[in-house]
>>> print(open('input-v9.txt').read())   # compact mmCIF, C-alpha atoms and all ligand atoms
# COMPACT_ATOMS: atom_id res chain seq x y z
CA MET A 1 0.00 0.00 0.00
CA ILE A 2 1.40 3.41 -0.99
CA ARG A 3 0.67 6.22 1.47
CA VAL A 4 -0.33 9.49 -0.23
CA LEU A 5 -0.62 13.04 1.11
CA VAL A 6 -2.31 15.62 -1.16
CA ASN A 7 -1.07 19.24 -1.04
CA GLY A 8 -3.61 21.78 -2.31
CA ALA A 9 -6.32 19.32 -1.23
CA LEU A 10 -9.16 21.87 -1.24
CA GLY A 11 -8.53 23.04 -4.80
CA ARG A 12 -10.20 21.90 -8.02
CA MET A 13 -7.48 19.37 -8.83
CA GLY A 14 -6.44 18.50 -5.26
CA SER A 15 -9.98 17.45 -4.30
CA GLU A 16 -10.27 15.35 -7.48
CA VAL A 17 -6.95 13.62 -6.66
CA CYS A 18 -8.13 12.95 -3.08
CA LYS A 19 -11.20 11.14 -4.54
CA LYS A 20 -9.09 9.03 -6.92
CA VAL A 21 -6.56 8.10 -4.24
CA TYR A 22 -9.37 7.17 -1.89
CA SER A 23 -10.89 4.81 -4.47
CA GLU A 24 -7.60 3.22 -5.65
CA ALA A 25 -6.95 -0.15 -3.97
CA ASP A 26 -3.14 0.20 -3.89
CA LEU A 27 -3.12 3.74 -2.45
CA GLU A 28 -4.08 5.12 0.95
CA LEU A 29 -4.99 8.78 1.52
CA VAL A 30 -3.07 9.54 4.74
CA GLY A 31 -3.11 13.33 4.74
CA ALA A 32 -4.46 16.50 3.15
CA VAL A 33 -2.82 19.94 3.29
CA ASP A 34 -3.90 23.36 1.99
CA ILE A 35 -3.32 26.98 3.00
CA LYS A 36 -7.03 27.03 3.89
CA GLU A 37 -8.48 24.92 6.69
CA GLY A 38 -11.32 22.53 5.88
CA THR A 39 -12.33 18.93 5.43
CA VAL A 40 -12.16 16.68 2.38
CA GLN A 41 -15.60 15.06 2.24
CA LEU A 42 -14.59 11.41 1.88
CA GLY A 43 -15.52 8.57 4.27
CA ASP A 44 -15.67 10.04 7.78
CA GLY A 45 -14.04 13.22 6.41
CA VAL A 46 -10.31 13.91 6.06
CA LYS A 47 -9.20 16.95 8.08
CA VAL A 48 -7.10 19.40 6.07
CA THR A 49 -4.10 20.84 7.91
CA THR A 50 -2.04 23.88 6.91
CA ASP A 51 1.59 23.02 7.74
CA LEU A 52 3.13 20.81 5.03
CA VAL A 53 6.28 19.81 6.94
CA ALA A 54 4.37 19.02 10.15
CA ALA A 55 1.87 16.93 8.16
CA ILE A 56 4.63 14.94 6.42
CA GLU A 57 6.39 14.32 9.74
CA ALA A 58 3.11 13.28 11.39
CA VAL A 59 1.69 10.87 8.78
CA LYS A 60 4.89 9.79 7.00
CA PRO A 61 3.55 9.51 3.43
CA ASP A 62 5.48 7.73 0.68
CA VAL A 63 4.31 10.30 -1.90
CA VAL A 64 3.09 13.89 -1.81
CA VAL A 65 0.88 14.95 -4.73
CA ASP A 66 1.06 18.72 -5.27
CA PHE A 67 -1.58 20.74 -7.15
CA THR A 68 -1.12 24.21 -5.64
CA ARG A 69 0.06 27.38 -7.40
CA PRO A 70 2.95 28.21 -9.75
CA ASP A 71 4.35 30.80 -7.31
CA VAL A 72 4.55 28.42 -4.32
CA VAL A 73 5.37 25.01 -5.80
CA MET A 74 9.18 25.39 -5.72
CA GLY A 75 8.99 26.37 -2.03
CA ASN A 76 6.87 23.27 -1.39
CA LEU A 77 9.41 21.01 -3.12
CA ARG A 78 12.34 22.58 -1.25
CA LYS A 79 10.53 21.60 1.96
CA MET A 80 9.29 18.11 1.06
CA LEU A 81 12.17 16.54 -0.92
CA PRO A 82 14.70 16.85 1.97
CA LEU A 83 12.22 14.80 4.04
CA GLY A 84 12.76 11.90 1.61
CA VAL A 85 9.20 11.69 0.22
CA HIS A 86 8.48 11.11 -3.48
CA ALA A 87 6.59 13.93 -5.21
CA VAL A 88 3.99 13.92 -8.00
CA VAL A 89 3.59 17.48 -9.22
CA GLY A 90 0.80 18.75 -11.45
CA THR A 91 1.31 22.40 -10.58
CA THR A 92 2.57 24.32 -13.61
CA GLY A 93 5.13 27.08 -14.07
CA PHE A 94 8.58 25.43 -13.83
CA SER A 95 11.62 27.00 -15.50
CA ASP A 96 14.54 24.89 -16.78
CA ALA A 97 16.58 26.09 -13.78
CA ASP A 98 13.79 24.93 -11.42
CA LEU A 99 13.75 21.48 -13.03
CA GLN A 100 17.50 21.18 -12.65
CA GLU A 101 17.29 22.22 -9.00
CA VAL A 102 14.58 19.68 -8.11
CA ASP A 103 16.40 16.90 -9.97
CA GLU A 104 19.53 17.66 -7.89
CA LEU A 105 17.47 17.83 -4.68
CA ALA A 106 15.80 14.48 -5.40
CA ARG A 107 19.16 12.77 -6.06
CA LYS A 108 20.70 14.36 -2.96
CA TYR A 109 17.88 13.12 -0.70
CA ASN A 110 17.56 9.74 -2.45
CA THR A 111 14.01 10.26 -3.66
CA SER A 112 12.20 10.83 -6.96
CA LEU A 113 9.62 13.15 -8.43
CA LEU A 114 7.45 13.27 -11.53
CA ILE A 115 6.35 16.65 -12.87
CA ALA A 116 3.75 16.89 -15.64
CA PRO A 117 1.98 20.04 -16.83
CA ASN A 118 -0.73 17.72 -18.18
CA PHE A 119 -1.42 14.26 -16.75
CA ALA A 120 -3.77 13.21 -19.57
CA LEU A 121 -2.54 10.30 -21.69
CA GLY A 122 -3.90 12.11 -24.76
CA ALA A 123 -1.68 15.12 -24.12
CA VAL A 124 1.43 12.93 -24.38
CA VAL A 125 0.09 11.32 -27.58
CA MET A 126 -0.61 14.81 -28.93
CA MET A 127 2.99 15.86 -28.23
CA LYS A 128 4.33 12.87 -30.18
CA LEU A 129 1.98 13.50 -33.14
CA ALA A 130 2.89 17.19 -33.13
CA CYS A 131 6.62 16.39 -33.34
CA GLU A 132 5.92 14.16 -36.35
CA ALA A 133 3.76 16.77 -38.12
CA ALA A 134 6.36 19.50 -37.53
CA LYS A 135 8.80 17.62 -39.78
CA TYR A 136 6.53 18.42 -42.74
CA PHE A 137 4.83 21.69 -41.71
CA PRO A 138 7.27 24.12 -40.04
CA HIS A 139 4.73 26.95 -39.48
CA VAL A 140 3.29 26.07 -36.07
CA GLU A 141 0.63 27.90 -34.03
CA ILE A 142 -0.65 26.70 -30.64
CA ILE A 143 -3.99 27.78 -29.18
CA GLU A 144 -4.85 26.85 -25.60
CA LYS A 145 -8.19 27.45 -23.83
CA HIS A 146 -8.88 27.24 -20.09
CA HIS A 147 -11.38 28.34 -17.44
CA ASP A 148 -11.37 31.90 -16.14
CA ASN A 149 -9.73 30.99 -12.80
CA LYS A 150 -6.47 29.81 -14.35
CA LEU A 151 -3.60 31.98 -13.06
CA ASP A 152 -0.83 31.33 -15.58
CA ALA A 153 -0.71 31.91 -19.34
CA PRO A 154 0.27 30.31 -21.61
CA SER A 155 -0.54 26.93 -20.12
CA GLY A 156 2.25 24.56 -19.10
CA THR A 157 0.93 22.13 -21.72
CA ALA A 158 1.22 24.74 -24.51
CA LEU A 159 4.85 25.35 -23.48
CA MET A 160 5.51 21.60 -23.27
CA LEU A 161 4.20 21.18 -26.84
CA ALA A 162 6.24 24.14 -28.10
CA ASP A 163 9.40 22.88 -26.35
CA ALA A 164 9.01 19.37 -27.81
CA ILE A 165 8.57 20.73 -31.35
CA ASN A 166 11.45 23.18 -30.88
CA GLU A 167 13.77 20.53 -29.48
CA GLN A 168 13.11 18.30 -32.45
CA ASN A 169 14.02 21.20 -34.78
CA ASN A 170 17.37 21.84 -33.06
CA GLY A 171 16.06 24.78 -31.02
CA GLU A 172 15.55 26.95 -34.14
CA TYR A 173 12.19 28.40 -33.08
CA HIS A 174 11.38 31.35 -30.88
CA TYR A 175 7.96 31.82 -29.25
CA VAL A 176 5.59 34.73 -29.89
CA TYR A 177 2.79 35.31 -27.37
CA ASP A 178 1.45 38.66 -28.48
CA ARG A 179 1.16 40.11 -31.96
CA SER A 180 -0.70 43.26 -30.95
CA SER A 181 2.33 45.50 -30.46
CA VAL A 182 4.31 44.71 -33.62
CA ARG A 183 3.54 45.39 -37.26
CA GLN A 184 5.56 42.82 -39.11
CA LYS A 185 5.19 39.56 -41.00
CA ARG A 186 5.27 36.27 -39.19
CA ASP A 187 8.82 34.91 -38.92
CA PRO A 188 9.03 31.36 -40.39
CA LYS A 189 10.98 30.26 -37.31
CA GLU A 190 8.40 31.21 -34.74
CA ILE A 191 5.79 29.29 -32.79
CA GLY A 192 2.80 31.51 -32.04
CA ILE A 193 1.14 30.69 -28.70
CA SER A 194 -2.32 32.12 -27.96
CA SER A 195 -4.32 31.83 -24.72
CA VAL A 196 -8.09 31.97 -24.32
CA ARG A 197 -9.73 32.18 -20.86
CA GLY A 198 -13.39 31.79 -20.00
CA GLY A 199 -16.16 29.93 -18.20
CA GLY A 200 -15.52 26.36 -17.18
CA ILE A 201 -13.23 25.12 -19.97
CA VAL A 202 -11.19 22.28 -18.38
CA GLY A 203 -8.30 22.40 -20.87
CA ASP A 204 -8.27 22.44 -24.70
CA HIS A 205 -5.16 22.52 -26.88
CA ASP A 206 -4.94 22.86 -30.67
CA VAL A 207 -1.66 22.72 -32.59
CA LEU A 208 -2.00 24.09 -36.12
CA PHE A 209 0.49 23.11 -38.83
CA CYS A 210 0.05 25.58 -41.64
CA GLY A 211 1.09 24.90 -45.22
CA PRO A 212 0.60 27.35 -48.11
CA GLU A 213 -2.79 25.86 -49.04
CA GLU A 214 -3.70 23.50 -46.21
CA VAL A 215 -3.81 23.26 -42.41
CA VAL A 216 -3.41 20.17 -40.22
CA THR A 217 -4.82 20.62 -36.70
CA ILE A 218 -4.09 18.27 -33.81
CA SER A 219 -6.54 18.79 -30.94
CA HIS A 220 -6.82 17.54 -27.40
CA VAL A 221 -9.84 18.25 -25.21
CA ALA A 222 -9.89 17.31 -21.51
CA GLN A 223 -13.54 16.57 -20.76
CA SER A 224 -13.15 16.49 -16.98
CA ARG A 225 -10.47 16.92 -14.29
CA GLY A 226 -10.78 13.20 -13.59
CA VAL A 227 -8.45 12.51 -16.51
CA PHE A 228 -5.66 14.54 -14.87
CA ALA A 229 -6.28 12.97 -11.46
CA ASP A 230 -6.06 9.47 -12.99
CA GLY A 231 -2.66 10.32 -14.46
CA ALA A 232 -1.44 11.70 -11.12
CA VAL A 233 -2.51 8.50 -9.35
CA GLN A 234 -0.67 6.40 -11.96
CA ALA A 235 2.41 8.57 -11.38
CA ALA A 236 2.25 7.90 -7.61
CA LEU A 237 2.28 4.16 -8.37
CA PHE A 238 5.07 4.57 -10.95
CA LEU A 239 7.49 6.39 -8.60
CA ASP A 240 7.46 3.50 -6.15
CA GLY A 241 10.70 1.68 -6.99
CA CYS A 242 12.13 4.34 -9.39
CA GLU A 243 15.78 5.38 -9.15
CA PRO A 244 16.26 8.85 -7.55
CA GLY A 245 15.73 11.86 -9.83
CA TYR A 246 13.22 13.73 -11.97
CA TYR A 247 10.77 11.96 -14.31
CA THR A 248 8.18 13.02 -16.89
CA MET A 249 4.99 11.47 -18.28
CA THR A 250 7.02 10.21 -21.26
CA ASP A 251 9.25 8.22 -18.85
CA MET A 252 6.15 6.80 -17.18
CA LEU A 253 4.43 5.77 -20.41
CA LYS A 254 7.51 4.46 -22.27
CA GLY A 255 6.78 0.83 -21.49
CA LYS A 256 3.10 1.20 -22.43
CA MET A 257 3.18 3.20 -25.69
CA GLN A 258 5.27 2.10 -28.65
CA CYS A 259 5.44 5.60 -30.14
CA LEU A 260 7.45 7.01 -27.19
P1 LIG A 301 -7.05 25.77 -7.46
O1 LIG A 301 -6.84 27.25 -7.26
O2 LIG A 301 -8.45 25.27 -7.59
O3 LIG A 301 -6.37 24.96 -6.26
C1 LIG A 301 -5.12 25.28 -5.70
C2 LIG A 301 -5.21 24.94 -4.21
O4 LIG A 301 -3.89 25.11 -3.65
C3 LIG A 301 -6.16 25.88 -3.44
O5 LIG A 301 -7.04 25.14 -2.61
C4 LIG A 301 -5.21 26.76 -2.61
O6 LIG A 301 -5.78 27.15 -1.37
C5 LIG A 301 -4.05 25.79 -2.40
N1 LIG A 301 -2.76 26.44 -2.09
C6 LIG A 301 -2.29 27.62 -2.54
N2 LIG A 301 -1.08 27.86 -2.02
C7 LIG A 301 -0.78 26.78 -1.24
C8 LIG A 301 0.33 26.45 -0.44
N3 LIG A 301 1.41 27.25 -0.32
N4 LIG A 301 0.30 25.26 0.24
C9 LIG A 301 -0.77 24.43 0.15
N5 LIG A 301 -1.87 24.72 -0.60
C10 LIG A 301 -1.86 25.88 -1.28
O7 LIG A 301 -6.18 25.38 -8.75
P2 LIG A 301 -6.31 24.06 -9.65
O8 LIG A 301 -7.23 24.34 -10.78
O9 LIG A 301 -6.53 22.89 -8.78
O10 LIG A 301 -4.84 24.02 -10.29
C11 LIG A 301 -3.68 23.89 -9.47
C12 LIG A 301 -2.45 23.81 -10.36
O11 LIG A 301 -2.52 22.62 -11.15
C13 LIG A 301 -2.29 24.96 -11.37
O12 LIG A 301 -0.92 25.24 -11.55
C14 LIG A 301 -2.88 24.36 -12.66
O13 LIG A 301 -2.37 24.97 -13.83
C15 LIG A 301 -2.39 22.94 -12.54
N6 LIG A 301 -3.12 21.92 -13.30
C16 LIG A 301 -2.38 20.88 -13.75
C17 LIG A 301 -2.98 19.83 -14.41
C18 LIG A 301 -2.12 18.66 -14.84
O14 LIG A 301 -2.64 17.71 -15.46
N7 LIG A 301 -0.85 18.67 -14.53
C19 LIG A 301 -4.36 19.83 -14.62
C20 LIG A 301 -5.10 20.91 -14.14
C21 LIG A 301 -4.47 21.95 -13.46
>>> encode(input="input-v9.txt", output="structure tokens", more="lines below")
Ligand code: NAD
Amino acid sequence: MIRVLVNGALGRMGSEVCKKVYSEADLELVGAVDIKEGTVQLGDGVKVTTDLVAAIEAVKPDVVVDFTRPDVVMGNLRKMLPLGVHAVVGTTGFSDADLQEVDELARKYNTSLLIAPNFALGAVVMMKLACEAAKYFPHVEIIEKHHDNKLDAPSGTALMLADAINEQNNGEYHYVYDRSSVRQKRDPKEIGISSVRGGGIVGDHDVLFCGPEEVVTISHVAQSRGVFADGAVQAALFLDGCEPGYYTMTDMLKGKMQCL
């Protein structure tokens, strides 16, 4: 049985992860933390506490799942990794320097973490298809749509898609987020990234590959947050027995998907 503590447990994603952990036979929900006090309404109710380190020391989880905020997640990891717990992180907003730091921290404290801006299986498939399409259609535009409460833009998934396409093309692209302040033609070596916010959109991504007289569009639509929570639960199971260090969804799915 893998013992799981959820950080950000009262949020949209955290509460969904609590439900999935609670219903998964191989996982046990041993703790819930948030900056707000409250109760997760499962079974007899799981009390939410507000001090992450105290909660980890009290319930000794194997894994902490973090869905909090881009501006606090690095602070959370700097606290939890030295305590030797594994971490599954859905919170977005990591820079390359952040990823390097958490990889070093995990190795130093003999633990592992998996960070994914999008835990949906379809998002990983989309990334692979996009890399293939980019070989033939170099003019790439990404459009992402999310609910009006989302704090960061563009989405971590949009950046993950852009980075994968760029990496495959030897880093030749630069990213353009706003065309309103310049009056010039589109550079062939750019990836345009546009963000739409409104209502209850869970998470839609379109990657457009534009030829002179045709457009190929690869789309992914998350129809509920359950799809992300499922992926996070799979990641908690995956980390058990991994070598120390930082992992991605591609690492997790390698054995299961031939295209990876
Ligand atoms: P949310 O605002 O509904 O929930 C965030 C929760 O974290 C809130 O309850 C808040 O009180 C709590 N929180 C804030 N600071 C905290 C701290 N220092 N310690 C503990 N708890 C803290 O947001 P959400 O929609 O659940 O999204 C959370 C994050 O997950 C965002 O970065 C979002 O982009 C990302 N996200 C990732 C995926 C994925 O598949 N990886 C899917 C959806 C959302």
>>> closest_atom_pairs(input="input-v9.txt", of="chain A", to="ligand LIG 301 (chain A)", cutoff="7 Å", atoms="only C-alpha atoms and all ligand atoms", output="tab-separated table")
residue	atom	partner	partner_atom	distance
A:Asn7	CA	A:LIG301	C9	5.3
A:Gly8	CA	A:LIG301	O4	3.6
A:Ala9	CA	A:LIG301	O5	6.0
A:Leu10	CA	A:LIG301	O5	4.1
A:Gly11	CA	A:LIG301	O3	3.2
A:Arg12	CA	A:LIG301	O2	3.8
A:Met13	CA	A:LIG301	O9	3.6
A:Gly14	CA	A:LIG301	O9	5.6
A:Val33	CA	A:LIG301	C9	5.8
A:Asp34	CA	A:LIG301	N5	3.6
A:Ile35	CA	A:LIG301	N5	4.5
A:Lys36	CA	A:LIG301	O6	5.4
A:Thr50	CA	A:LIG301	C9	6.9
A:Phe67	CA	A:LIG301	C11	4.4
A:Thr68	CA	A:LIG301	O4	3.5
A:Arg69	CA	A:LIG301	O12	4.8
A:Pro70	CA	A:LIG301	O12	5.2
A:Val72	CA	A:LIG301	N3	5.2
A:Asn76	CA	A:LIG301	N3	6.8
A:Gly90	CA	A:LIG301	N7	3.5
A:Thr91	CA	A:LIG301	O12	3.7
A:Thr92	CA	A:LIG301	O12	4.2
A:Gly93	CA	A:LIG301	O12	6.8
A:Ala116	CA	A:LIG301	N7	5.1
A:Pro117	CA	A:LIG301	N7	3.9
A:Asn118	CA	A:LIG301	O14	3.3
A:Phe119	CA	A:LIG301	O14	3.9
A:Ala120	CA	A:LIG301	O14	6.2
A:Lys150	CA	A:LIG301	O13	6.4
A:Asp152	CA	A:LIG301	O13	6.8
A:Ser155	CA	A:LIG301	O13	6.8
A:Arg225	CA	A:LIG301	C20	6.7
A:Phe228	CA	A:LIG301	O14	4.4
>>> residues_around(input="input-v9.txt", residues="Met1 in chain A", least_positions_apart="6", cutoff="12 Å", atoms="all atoms listed in the file", output="PDB file with C-alpha atoms, keeping the file's coordinate frame")
ATOM      1  CA  VAL A  21      -6.560   8.100  -4.240  1.00  0.00           C
ATOM      2  CA  TYR A  22      -9.370   7.170  -1.890  1.00  0.00           C
ATOM      3  CA  GLU A  24      -7.600   3.220  -5.650  1.00  0.00           C
ATOM      4  CA  ALA A  25      -6.950  -0.150  -3.970  1.00  0.00           C
ATOM      5  CA  ASP A  26      -3.140   0.200  -3.890  1.00  0.00           C
ATOM      6  CA  LEU A  27      -3.120   3.740  -2.450  1.00  0.00           C
ATOM      7  CA  GLU A  28      -4.080   5.120   0.950  1.00  0.00           C
ATOM      8  CA  LEU A  29      -4.990   8.780   1.520  1.00  0.00           C
ATOM      9  CA  VAL A  30      -3.070   9.540   4.740  1.00  0.00           C
ATOM     10  CA  PRO A  61       3.550   9.510   3.430  1.00  0.00           C
ATOM     11  CA  ASP A  62       5.480   7.730   0.680  1.00  0.00           C
ATOM     12  CA  VAL A  63       4.310  10.300  -1.900  1.00  0.00           C
ATOM     13  CA  ALA A 236       2.250   7.900  -7.610  1.00  0.00           C
ATOM     14  CA  LEU A 237       2.280   4.160  -8.370  1.00  0.00           C
ATOM     15  CA  ASP A 240       7.460   3.500  -6.150  1.00  0.00           C
TER      16      ASP A 240
END
>>> closest_residue(input="input-v9.txt", among="A:Asn170, A:Ser181, A:Ser23, A:Thr248", to="Val89 in chain A", atoms="only C-alpha atoms")
A:Thr248
>>> residues_around(input="input-v9.txt", residues="Val88 in chain A", least_positions_apart="5", cutoff="9 Å", atoms="only C-alpha atoms", output="JSON, numbers by chain")
{"A": [63, 64, 65, 66, 67, 112, 113, 114, 115, 116, 232, 233, 235, 236, 239]}
>>> closest_residue(input="input-v9.txt", among="A:Leu208, A:Ala130, A:Ala97, A:Val176", to="Ile142 in chain A", atoms="only C-alpha atoms")
A:Leu208
>>> atom_distance(input="input-v9.txt", atom1="CA of Gly84 in chain A", atom2="CA of Asn110 in chain A")
6.6 Å
>>> atom_distance(input="input-v9.txt", atom1="CA of Glu57 in chain A", atom2="CA of Gly75 in chain A")
17.0 Å
>>> axis_aligned_box(input="input-v9.txt", around="range 144-147 of chain A", padding_each_side="8 Å", output="lines of an AutoDock Vina configuration file")
center_x = -8.1
center_y = 27.6
center_z = -21.5
size_x = 22.5
size_y = 17.5
size_z = 24.2
>>> decode(input="input-v9.txt", residues="range 131-141 of chain A", atoms="all heavy atoms", output="mmCIF file, in the first residue's frame")
data_model
loop_
_atom_site.group_PDB
_atom_site.id
_atom_site.type_symbol
_atom_site.label_atom_id
_atom_site.label_comp_id
_atom_site.auth_asym_id
_atom_site.auth_seq_id
_atom_site.Cartn_x
_atom_site.Cartn_y
_atom_site.Cartn_z
ATOM 1 N N CYS A 131 5.205 16.442 -32.934
ATOM 2 C CA CYS A 131 6.625 16.390 -33.338
ATOM 3 C C CYS A 131 6.730 15.781 -34.734
ATOM 4 O O CYS A 131 7.562 16.202 -35.552
ATOM 5 C CB CYS A 131 7.442 15.577 -32.341
ATOM 6 S SG CYS A 131 7.708 16.473 -30.806
ATOM 7 N N GLU A 132 5.901 14.807 -35.030
ATOM 8 C CA GLU A 132 5.920 14.163 -36.348
ATOM 9 C C GLU A 132 5.439 15.165 -37.418
ATOM 10 O O GLU A 132 6.081 15.346 -38.453
ATOM 11 C CB GLU A 132 5.004 12.924 -36.300
ATOM 12 C CG GLU A 132 5.101 11.994 -37.483
ATOM 13 C CD GLU A 132 6.503 11.439 -37.693
ATOM 14 O OE1 GLU A 132 7.282 11.330 -36.724
ATOM 15 O OE2 GLU A 132 6.822 11.140 -38.867
ATOM 16 N N ALA A 133 4.325 15.839 -37.137
ATOM 17 C CA ALA A 133 3.758 16.767 -38.122
ATOM 18 C C ALA A 133 4.704 17.934 -38.405
ATOM 19 O O ALA A 133 4.768 18.432 -39.537
ATOM 20 C CB ALA A 133 2.411 17.286 -37.614
ATOM 21 N N ALA A 134 5.461 18.344 -37.375
ATOM 22 C CA ALA A 134 6.355 19.502 -37.534
ATOM 23 C C ALA A 134 7.490 19.227 -38.520
ATOM 24 O O ALA A 134 8.107 20.152 -39.044
ATOM 25 C CB ALA A 134 6.919 19.903 -36.170
ATOM 26 N N LYS A 135 7.753 17.936 -38.785
ATOM 27 C CA LYS A 135 8.798 17.617 -39.779
ATOM 28 C C LYS A 135 8.370 18.070 -41.169
ATOM 29 O O LYS A 135 9.184 18.349 -42.032
ATOM 30 C CB LYS A 135 9.026 16.096 -39.816
ATOM 31 C CG LYS A 135 9.664 15.523 -38.586
ATOM 32 C CD LYS A 135 9.794 14.018 -38.766
ATOM 33 C CE LYS A 135 10.204 13.348 -37.477
ATOM 34 N NZ LYS A 135 10.036 11.892 -37.525
ATOM 35 N N TYR A 136 7.043 18.126 -41.397
ATOM 36 C CA TYR A 136 6.526 18.424 -42.736
ATOM 37 C C TYR A 136 5.956 19.827 -42.847
ATOM 38 O O TYR A 136 5.908 20.402 -43.925
ATOM 39 C CB TYR A 136 5.422 17.404 -43.088
ATOM 40 C CG TYR A 136 5.896 15.979 -42.924
ATOM 41 C CD1 TYR A 136 5.618 15.259 -41.764
ATOM 42 C CD2 TYR A 136 6.683 15.379 -43.904
ATOM 43 C CE1 TYR A 136 6.079 13.966 -41.590
ATOM 44 C CE2 TYR A 136 7.153 14.082 -43.731
ATOM 45 C CZ TYR A 136 6.850 13.384 -42.577
ATOM 46 O OH TYR A 136 7.326 12.113 -42.401
ATOM 47 N N PHE A 137 5.472 20.368 -41.711
ATOM 48 C CA PHE A 137 4.833 21.691 -41.714
ATOM 49 C C PHE A 137 5.519 22.567 -40.658
ATOM 50 O O PHE A 137 5.159 22.528 -39.479
ATOM 51 C CB PHE A 137 3.343 21.573 -41.379
ATOM 52 C CG PHE A 137 2.537 20.854 -42.418
ATOM 53 C CD1 PHE A 137 2.276 19.502 -42.302
ATOM 54 C CD2 PHE A 137 2.026 21.537 -43.523
ATOM 55 C CE1 PHE A 137 1.532 18.830 -43.257
ATOM 56 C CE2 PHE A 137 1.279 20.876 -44.486
ATOM 57 C CZ PHE A 137 1.028 19.509 -44.350
ATOM 58 N N PRO A 138 6.515 23.362 -41.046
ATOM 59 C CA PRO A 138 7.274 24.119 -40.040
ATOM 60 C C PRO A 138 6.531 25.320 -39.434
ATOM 61 O O PRO A 138 6.954 25.822 -38.400
ATOM 62 C CB PRO A 138 8.511 24.578 -40.813
ATOM 63 C CG PRO A 138 8.147 24.505 -42.247
ATOM 64 C CD PRO A 138 7.086 23.472 -42.391
ATOM 65 N N HIS A 139 5.429 25.793 -40.072
ATOM 66 C CA HIS A 139 4.726 26.953 -39.485
ATOM 67 C C HIS A 139 3.733 26.458 -38.433
ATOM 68 O O HIS A 139 2.679 25.903 -38.759
ATOM 69 C CB HIS A 139 3.972 27.743 -40.567
ATOM 70 C CG HIS A 139 4.886 28.477 -41.490
ATOM 71 N ND1 HIS A 139 4.460 29.391 -42.424
ATOM 72 C CD2 HIS A 139 6.235 28.430 -41.629
ATOM 73 C CE1 HIS A 139 5.495 29.870 -43.087
ATOM 74 N NE2 HIS A 139 6.581 29.303 -42.625
ATOM 75 N N VAL A 140 4.072 26.659 -37.164
ATOM 76 C CA VAL A 140 3.290 26.066 -36.071
ATOM 77 C C VAL A 140 2.640 27.167 -35.233
ATOM 78 O O VAL A 140 3.294 28.148 -34.854
ATOM 79 C CB VAL A 140 4.217 25.227 -35.145
ATOM 80 C CG1 VAL A 140 3.401 24.529 -34.063
ATOM 81 C CG2 VAL A 140 5.011 24.211 -35.956
ATOM 82 N N GLU A 141 1.367 27.005 -34.950
ATOM 83 C CA GLU A 141 0.633 27.895 -34.033
ATOM 84 C C GLU A 141 -0.062 27.029 -32.983
ATOM 85 O O GLU A 141 -0.647 25.989 -33.323
ATOM 86 C CB GLU A 141 -0.432 28.701 -34.799
ATOM 87 C CG GLU A 141 0.130 29.727 -35.766
ATOM 88 C CD GLU A 141 0.640 30.997 -35.087
ATOM 89 O OE1 GLU A 141 -0.045 31.508 -34.184
ATOM 90 O OE2 GLU A 141 1.732 31.473 -35.458
#
